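Structure, as structure tokens:
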Amino acid sequence: MAGVGQKPRKADQTSPTPAPAGTAGAATAPLSAQDKNFMMSAAKGGAMEVHMGEMAAQQGQSAEVKKLGTEMAAAHTKANNQLMALANARGVKLDTRHKMDKMSGGNFDQQWLAQMEKDHMQMISEFQAEAKNGSDPELKSWAGKMVPTLQAHLKQVKAAQGKMTAKKS
């Protein structure tokens with residue numbers, strides 16, 4: 001800093017460089033209620049998908065459901081870790097506790113696939129809405145990048161359901 005009556009040094013005249021997008025500087029803006037609600041819903045849903053995937057890998061009756069469960073558990077674990085990083089950067093504590101419908105009696109594979117179809121249709125809708133209407137740029141981007149993965153999961157589930165239906169005939 002220049003003393004009284006001295007010409008200011010060049011270093012004293014420069015303004016601080018703004019933090020680049022995607023760094024801690026971006027985390028200072030408060031999240032909208034929509035963004036925060038989306039994060040909470042995505043965290044619960046993601047945790048449930050991991051749990052359901054692990055359940056299918058262990059209890060699935062067909063090799064296809066076991067494989068699909070393993071793939072979904074891995075994909076949702078990766079997505080959950082990304083979401084947790086976004087939440088931590090924004091000072092948001094996510095609750096991943098979730099309720100699962102009991103799958104008892106009947107064909108586990110059919111019940112699991114039906115649940116996965118329902119869950120993924122709902123998630124696709126929520127993620128598309130966040131990608132379109134969210135206010136946090138990084139969260140919007142993440143949600144948009146996840147939609148194709150969710151759509152691919154839904155397609156796999158429907159294909160497995162079709163194979164099961166064809167086997168019954």
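Please note that chains go A, B, ... in the order of the structure tokens, that every chain numbers its residues from 1, and that ligands are numbered from 1 in the order shown.
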message = Just want the 9 Å neighbourhood of region 155-161 of chain A, counted on only C-alpha atoms, with same-chain residues fewer than 4 positions away dropped. Output as a ChimeraX atom specification.
response = /A:64-65,68,109-110,113-114,116-117,150-151,165-166
May I have a table of the residues of region 59-102 of chain A lying at most 10 Å from region 130-142 of chain A, giving each one's closest pair of atoms and their distance in Å to one decimal, counting only C-alpha atoms, ordered by chain and ascending residue number, as a tab-separated table?
residue	atom	partner	partner_atom	distance
A:Ala79	CA	A:Trp142	CA	9.1
A:Gln82	CA	A:Trp142	CA	8.4
A:Leu83	CA	A:Trp142	CA	8.1
A:Leu86	CA	A:Leu139	CA	7.2
A:Ala87	CA	A:Leu139	CA	9.1
request  = Mind listing the alpha helix (DSSP H) residues of region 12-149 of chain A, per DSSP on the backbone, as a ChimeraX atom specification?
outcome  = /A:12-13,33-59,63-89,108-133,137-149
Shell of 9 Å around Glu49 (chain A), only C-alpha atoms, local chain residues under 3 positions omitted, as a PyMOL selection string = chain A and resi 44-46+52-54+69+72-73+76-77+116+119
Could you write out the selected residues, including N, CA and C atoms, as an mmCIF file, in the first residue's frame?
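Result saved to part_25.cif:
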data_model
loop_
_atom_site.group_PDB
_atom_site.id
_atom_site.type_symbol
_atom_site.label_atom_id
_atom_site.label_comp_id
_atom_site.auth_asym_id
_atom_site.auth_seq_id
_atom_site.Cartn_x
_atom_site.Cartn_y
_atom_site.Cartn_z
ATOM 1 N N LYS A 44 -32.560 -38.255 -2.206
ATOM 2 C CA LYS A 44 -33.368 -39.373 -1.694
ATOM 3 C C LYS A 44 -33.595 -40.419 -2.784
ATOM 4 N N GLY A 45 -33.982 -39.950 -3.967
ATOM 5 C CA GLY A 45 -34.234 -40.862 -5.076
ATOM 6 C C GLY A 45 -32.987 -41.609 -5.498
ATOM 7 N N GLY A 46 -31.867 -40.911 -5.528
ATOM 8 C CA GLY A 46 -30.604 -41.555 -5.905
ATOM 9 C C GLY A 46 -30.194 -42.623 -4.912
ATOM 10 N N MET A 52 -32.057 -50.124 -4.299
ATOM 11 C CA MET A 52 -32.869 -51.019 -5.146
ATOM 12 C C MET A 52 -31.988 -51.805 -6.125
ATOM 13 N N GLY A 53 -30.963 -51.147 -6.658
ATOM 14 C CA GLY A 53 -30.044 -51.836 -7.562
ATOM 15 C C GLY A 53 -29.295 -52.948 -6.851
ATOM 16 N N GLU A 54 -28.831 -52.645 -5.637
ATOM 17 C CA GLU A 54 -28.137 -53.667 -4.851
ATOM 18 C C GLU A 54 -29.079 -54.821 -4.517
ATOM 19 N N GLY A 69 -29.529 -54.366 -12.139
ATOM 20 C CA GLY A 69 -29.421 -53.837 -10.779
ATOM 21 C C GLY A 69 -28.009 -53.369 -10.471
ATOM 22 N N MET A 72 -27.296 -50.151 -12.448
ATOM 23 C CA MET A 72 -28.014 -48.993 -11.904
ATOM 24 C C MET A 72 -27.404 -48.546 -10.580
ATOM 25 N N ALA A 73 -27.019 -49.492 -9.739
ATOM 26 C CA ALA A 73 -26.399 -49.125 -8.463
ATOM 27 C C ALA A 73 -25.110 -48.342 -8.717
ATOM 28 N N HIS A 76 -25.999 -44.784 -10.290
ATOM 29 C CA HIS A 76 -26.604 -43.866 -9.318
ATOM 30 C C HIS A 76 -25.631 -43.509 -8.204
ATOM 31 N N THR A 77 -24.707 -44.395 -7.873
ATOM 32 C CA THR A 77 -23.663 -44.058 -6.891
ATOM 33 C C THR A 77 -22.807 -42.916 -7.429
ATOM 34 N N MET A 116 -38.874 -49.723 -10.957
ATOM 35 C CA MET A 116 -37.838 -48.968 -11.671
ATOM 36 C C MET A 116 -38.446 -48.122 -12.789
ATOM 37 N N ASP A 119 -40.195 -45.172 -10.996
ATOM 38 C CA ASP A 119 -39.198 -44.252 -10.423
ATOM 39 C C ASP A 119 -38.474 -43.459 -11.502
#
inquiry  = So that I can check the surroundings of Lys36 (chain A), please list as a PyMOL selection string every protein, DNA and RNA residue that reaches within 9 Å of it, counting only C-alpha atoms and ignoring chain neighbours fewer than 5 positions away.
reply    = chain A and resi 31+41+87+92
Once you have the residues from the selection above, write them out as a PDB file, in the first residue's frame, restricted to C-alpha atoms.
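Generated output (part_24.pdb):
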ATOM      1  CA  LEU A  31     -30.071 -21.576  -3.769  1.00  0.00           C
ATOM      2  CA  SER A  41     -35.506 -35.110  -3.963  1.00  0.00           C
ATOM      3  CA  ALA A  87     -24.475 -29.705  -2.358  1.00  0.00           C
ATOM      4  CA  VAL A  92     -26.484 -27.857   1.658  1.00  0.00           C
TER       5      VAL A  92
END
Just want the 8 Å neighbourhood of Gln128 (chain A), counted on only C-alpha atoms, with same-chain residues fewer than 4 positions away dropped. Output as a tab-separated table (two decimals) with C-alpha atoms, in the first residue's frame.
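After the write, selection02.tsv holds the following:
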chain	number	residue	atom	x	y	z
A	124	ILE	CA	-36.79	-37.94	-15.76
A	132	LYS	CA	-35.08	-26.17	-17.86
A	143	ALA	CA	-29.53	-32.31	-14.11
A	144	GLY	CA	-29.49	-31.94	-17.91
A	147	VAL	CA	-31.42	-37.03	-18.22
query = Between CA of Gly162 (chain A) and CA of Met146 (chain A), what is the distance, to one decimal in Å?
reply = 24.5 Å
ask   = Between A:Gln58, A:Gln34, A:Thr70, A:Gln111, which has the minimum distance to His153 (chain A) (counting only C-alpha atoms)?
value =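 Of all the options, A:Thr70 lies closest to His153 (chain A).
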